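S.K.: Dumping the structure here so I can ask a few things about it.
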Amino acid sequence: MAKTVCVVGAGVSGLVSVKQCLEEGLEPICFEKDGDVGGLWNYHDEPRDGYPSVYNSCRINNSKEMVCYSDFPIPKEFPNFMGHRHFKRYLQLYAEHFGLMKHIKFNHEVVLVEKADDFKNSGDWMVTTKNLTSGKEEKRRVNFVMVCNGHLHEPNIPKFRGLEIFKGKVLHTHDYKDFRGFEGKKILIIGIGNSAADVASELSRHAKHVCISTQRGTWVVQRAAKQGRPFDHLAVTRFRQGIPWPYLRPFMYHGINNRYSHSKYGLSPNTSFNGGSVTISDDLPNRILLGSVNMKTEVEKFTENGAVFVDGTELNDIDVVILATGFNYSFHFIQKGVIRKEREFPLLYDLVWPADLEPATLAIIGLVQPFGGLPPVNEMQSRWATRVFSGNCKLPSALKRLKMVEELNARLKSKGIVSAKSIITVFFIQYVDKIAQYIGCKPNLWKFFFTDNALWRRLVFGPCTPSQWRLEGFGKWEGAKNAIEHVDDRTWYPMQSREAGKREQEGIYDGYVSLLKNVLLLIAVFFLLRFLFVNVLTTFLVKF
């Protein structure tokens, strides 16, 4: 009899977890408290407590080629940066294609996950669920648990001096849906993340005026990069992310700051450029340039009708304060003590496994903030978790996992990384490669360099699309190579609604670009071979 897995949530993480359970011969039972798949992307006109929520104009921050699952590319007809309707439709297509819907119980909330009485021997869990339609509760025993409920449903509400006496309206971006009701208002937004930039830009077209208050500042990146290519096609490549930071830093700074001088726009962070504190926004600098949005420093205190900032300036006659202050993550339905936190640090081995839980029969999927697309990261986590559950992959002992997590947390603290968001932030390629190595599906670049050099160039210099981790090894997908080779076709397809004229010069420019790429490739190979030769020669001389 197949072992059972309780999957909590049918969003981006939950759907792929159900699929991976089926591929490993496990029996998934997925509980989703909403009425359809999608999680965060299952849009509702009204916000609801305890549920994730997006505003109507929300768009994904990474292009479709970088956020798709590794063996199911997003349809070429879909826009590159999808709104919630397109992205939810993609998730529905995924669920239908792999037959996942029959394994999901909708309108069912997981109330409690607790260890079975014989947990030390069996590793089993007792899961209590509630049917939100009938109100009936049910308790069942399962062998494994995958927690896939996300981390964007519990708004973080900081305490501000005097906010309790402010007479205007106060809300969190979790509760913002669209501009209606804010026309002609004077609005203060606190925070400078992606949601803050989107909401400020939208409201500035309808409100009397919008101000953004930020303590740290940010670097703003537009979705369209050189020649209109999606920015992550250029930013998330193996070649670029393989360059040592001291050498990459000046090029990144120039690239980001070249279009807008961030200091002149009041946007630049208070610290030196380190590649962090990035906000994706196509509109915010333009709205600042037009005078519809102004930047302010952090709030010192609120008054009955305004705010005083730490630089001594004041803003009066504020009608609305919007808190774009992020989210907290907690596991209120999981038995206390299963997942430990030290201040803001979750004690999770590689952000998946409760460090000191033995046996390791519960996995957290999706508690991660990558510099890249989230769905492929969640997919890799679920592939790893189900391999462990099926006995095809082993974890270090609880003692070793705990030691490694504590050492990592100590290093982060020593660097001043203490916020909840920063702690779960990872570099996309490095993190996915690490897990891929655990389960045996990391692409062998050296092999492709000699056997399929054209593909190797795409893997190294092209966008690091999720299908790279389906080329070989566990979970190999025969369509992976084709998907990688046709990234450009799917990227440009939805925009080819008019046959535009092409200049003759474009062919010449393309030739120059191709020549430059080949020259850079030869230089890179030369230095690589030189490095290997020096190392081998040094080793030989040391020995003899």
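Lettering and numbering for the structure tokens are positional, with chains as A, B, ... in the shown order, residues counted from 1 in each chain, and ligands counted from 1 in the shown order.
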Find the spatial neighbours of Val432 (chain A), counting only C-alpha atoms, within a cut-off of 8 Å - ignore same-chain residues fewer than 3 positions away - and output them as a PyMOL selection string.
M.R.: chain A and resi 377+380+428-429+435-436
S.K.: Find the residues near Glu183 (chain A): any atom within 12 Å, counting only C-alpha atoms, skip ones fewer than 6 places away on the same chain, and give them as a count of residues only.
M.R.: 11
S.K.: Ser57 (chain A): which residues within 9 Å, counting only C-alpha atoms, same-chain residues fewer than 4 positions away excluded, as a VMD selection string?
M.R.: chain A and resid 83 to 84 177 to 178 198 to 199 202
S.K.: One decimal, Å: what's the distance from CA of Glu27 (chain A) over to CA of Val145 (chain A), could you say?
M.R.: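 Separating CA of Glu27 (chain A) from CA of Val145 (chain A) is a distance of 11.4 Å.
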S.K.: Can you tell me how far CA of Glu358 (chain A) sits from CA of Leu399 (chain A), in Å to one decimal?
M.R.: 9.4 Å
S.K.: Could you work out how far CA of Phe302 (chain A) lies from CA of Lys185 (chain A), giving the answer in Å with one decimal?
M.R.: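 That distance, rounded to one decimal, is 17.5 Å.
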S.K.: Could you check the closest approach to Cys211 (chain A) for each of A:Gly291, A:Pro244, A:Gly391, A:Gly440 and tell me which residue wins, using only C-alpha atoms?
M.R.: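 Result for the nearest residue to Cys211 (chain A): A:Gly291.
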S.K.: For Arg411 (chain A), which residue out of A:Val18, A:Leu348, A:Ile423, A:Ala363 is the nearest one, using only C-alpha atoms?
M.R.: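 Result for the nearest residue to Arg411 (chain A): A:Ile423.
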S.K.: Can you tell me, as a PyMOL selection string, what residues are no more than 7 Å from Asn316 (chain A) when counting only C-alpha atoms, ignoring any on the same chain fewer than 3 positions away?
M.R.: chain A and resi 305-307
S.K.: Please identify which residues in region 259-357 of chain A DSSP calls alpha helix (DSSP H) from the backbone, and express them as an MDAnalysis selection string.
M.R.: chainID A and resid 284:289
S.K.: Store the residues of this selection in a file with C-alpha atoms, as a CSV table (one decimal), in the first residue's frame.
M.R.:
chain,number,residue,atom,x,y,z
A,284,LEU,CA,7.9,54.4,-10.2
A,285,PRO,CA,10.8,56.6,-11.5
A,286,ASN,CA,8.5,58.1,-14.1
A,287,ARG,CA,5.9,58.9,-11.5
A,288,ILE,CA,8.6,60.6,-9.4
A,289,LEU,CA,9.8,62.6,-12.5
S.K.: Near Thr271 (chain A), counting only C-alpha atoms, which residues have an atom at most 10 Å away, once you skip same-chain residues fewer than 2 positions from it, shown as a tab-separated table (two decimals) with C-alpha atoms, in the first residue's frame?
M.R.:
chain	number	residue	atom	x	y	z
A	216	ARG	CA	16.56	51.94	3.53
A	217	GLY	CA	15.84	53.06	-0.07
A	218	THR	CA	16.06	50.72	-3.04
A	268	SER	CA	19.22	55.17	-3.49
A	269	PRO	CA	19.81	53.04	-0.38
A	273	PHE	CA	25.69	49.01	-3.61
A	274	ASN	CA	25.56	45.33	-2.70
A	277	SER	CA	17.35	45.98	-1.89
S.K.: Using only C-alpha atoms, which protein or nucleic acid residues come within 12 Å of Phe119 (chain A)? Drop anything in the same chain fewer than 5 positions from it, and give the result as an MDAnalysis selection string.
M.R.: chainID A and resid 114 124:126 141:144 338 357:362
S.K.: Selection from above, N, CA and C atoms, as a JSON list (two decimals), in the first residue's frame, can you write it?
M.R.:
[["chain", "number", "residue", "atom", "x", "y", "z"],
["A", 114, "GLU", "N", -0.12, 17.28, 14.10],
["A", 114, "GLU", "CA", 0.59, 16.90, 15.32],
["A", 114, "GLU", "C", 1.19, 15.51, 15.16],
["A", 124, "ASP", "N", 4.86, 9.09, 11.78],
["A", 124, "ASP", "CA", 3.54, 9.47, 11.27],
["A", 124, "ASP", "C", 2.99, 10.71, 11.95],
["A", 125, "TRP", "N", 1.97, 11.29, 11.29],
["A", 125, "TRP", "CA", 1.34, 12.51, 11.77],
["A", 125, "TRP", "C", -0.18, 12.34, 11.84],
["A", 126, "MET", "N", -0.78, 13.05, 12.78],
["A", 126, "MET", "CA", -2.25, 13.12, 12.86],
["A", 126, "MET", "C", -2.67, 14.50, 12.34],
["A", 141, "ARG", "N", -4.66, 9.84, 9.91],
["A", 141, "ARG", "CA", -3.24, 9.55, 10.09],
["A", 141, "ARG", "C", -2.56, 9.51, 8.72],
["A", 142, "VAL", "N", -1.42, 10.19, 8.61],
["A", 142, "VAL", "CA", -0.66, 10.19, 7.36],
["A", 142, "VAL", "C", 0.80, 9.90, 7.67],
["A", 143, "ASN", "N", 1.51, 9.47, 6.63],
["A", 143, "ASN", "CA", 2.93, 9.14, 6.83],
["A", 143, "ASN", "C", 3.85, 10.36, 6.72],
["A", 144, "PHE", "N", 3.47, 11.31, 5.85],
["A", 144, "PHE", "CA", 4.32, 12.48, 5.61],
["A", 144, "PHE", "C", 3.46, 13.73, 5.48],
["A", 338, "VAL", "N", 7.68, 21.72, 16.73],
["A", 338, "VAL", "CA", 8.13, 20.97, 15.54],
["A", 338, "VAL", "C", 9.06, 21.83, 14.70],
["A", 357, "LEU", "N", 14.26, 17.61, 13.65],
["A", 357, "LEU", "CA", 13.15, 16.65, 13.61],
["A", 357, "LEU", "C", 13.65, 15.30, 13.12],
["A", 358, "GLU", "N", 13.41, 14.28, 13.89],
["A", 358, "GLU", "CA", 13.84, 12.92, 13.55],
["A", 358, "GLU", "C", 12.76, 11.92, 13.97],
["A", 359, "PRO", "N", 12.24, 11.14, 13.00],
["A", 359, "PRO", "CA", 12.58, 11.11, 11.58],
["A", 359, "PRO", "C", 12.05, 12.32, 10.83],
["A", 360, "ALA", "N", 12.72, 12.63, 9.73],
["A", 360, "ALA", "CA", 12.38, 13.83, 8.94],
["A", 360, "ALA", "C", 11.23, 13.49, 7.99],
["A", 361, "THR", "N", 10.02, 13.61, 8.48],
["A", 361, "THR", "CA", 8.83, 13.25, 7.68],
["A", 361, "THR", "C", 7.93, 14.44, 7.42],
["A", 362, "LEU", "N", 8.43, 15.65, 7.69],
["A", 362, "LEU", "CA", 7.68, 16.87, 7.40],
["A", 362, "LEU", "C", 8.61, 17.84, 6.68]]
S.K.: With distances taken over only C-alpha atoms, which residue among A:His151, A:Arg240, A:Arg89, A:Arg161 lies nearest Val308 (chain A)?
M.R.: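 Counting only C-alpha atoms, the residue closest to Val308 (chain A) is A:Arg161.
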S.K.: Near Phe239 (chain A), within 9 Å and counting only C-alpha atoms, which residues show up once chain neighbours fewer than 6 positions away are dropped, as a ChimeraX atom specification?
M.R.: /A:459-462
S.K.: So, with only C-alpha atoms as the atoms that count, which of A:Lys403, A:Lys296, A:Lys301, A:Lys115 lies closest to Thr214 (chain A)?
M.R.: A:Lys296
S.K.: Kindly indicate which residue among A:Gln430, A:Ser382, A:Ser422, A:Asn294 lies nearest to Val12 (chain A), using only C-alpha atoms for the distances.
M.R.: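 Result for the nearest residue to Val12 (chain A): A:Ser382.
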S.K.: Considering only C-alpha atoms, state which residue in the set A:Trp245, A:Phe371, A:Phe449, A:Tyr431 is at the smallest distance from Asn62 (chain A).
M.R.: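 Closest candidate: A:Phe371.
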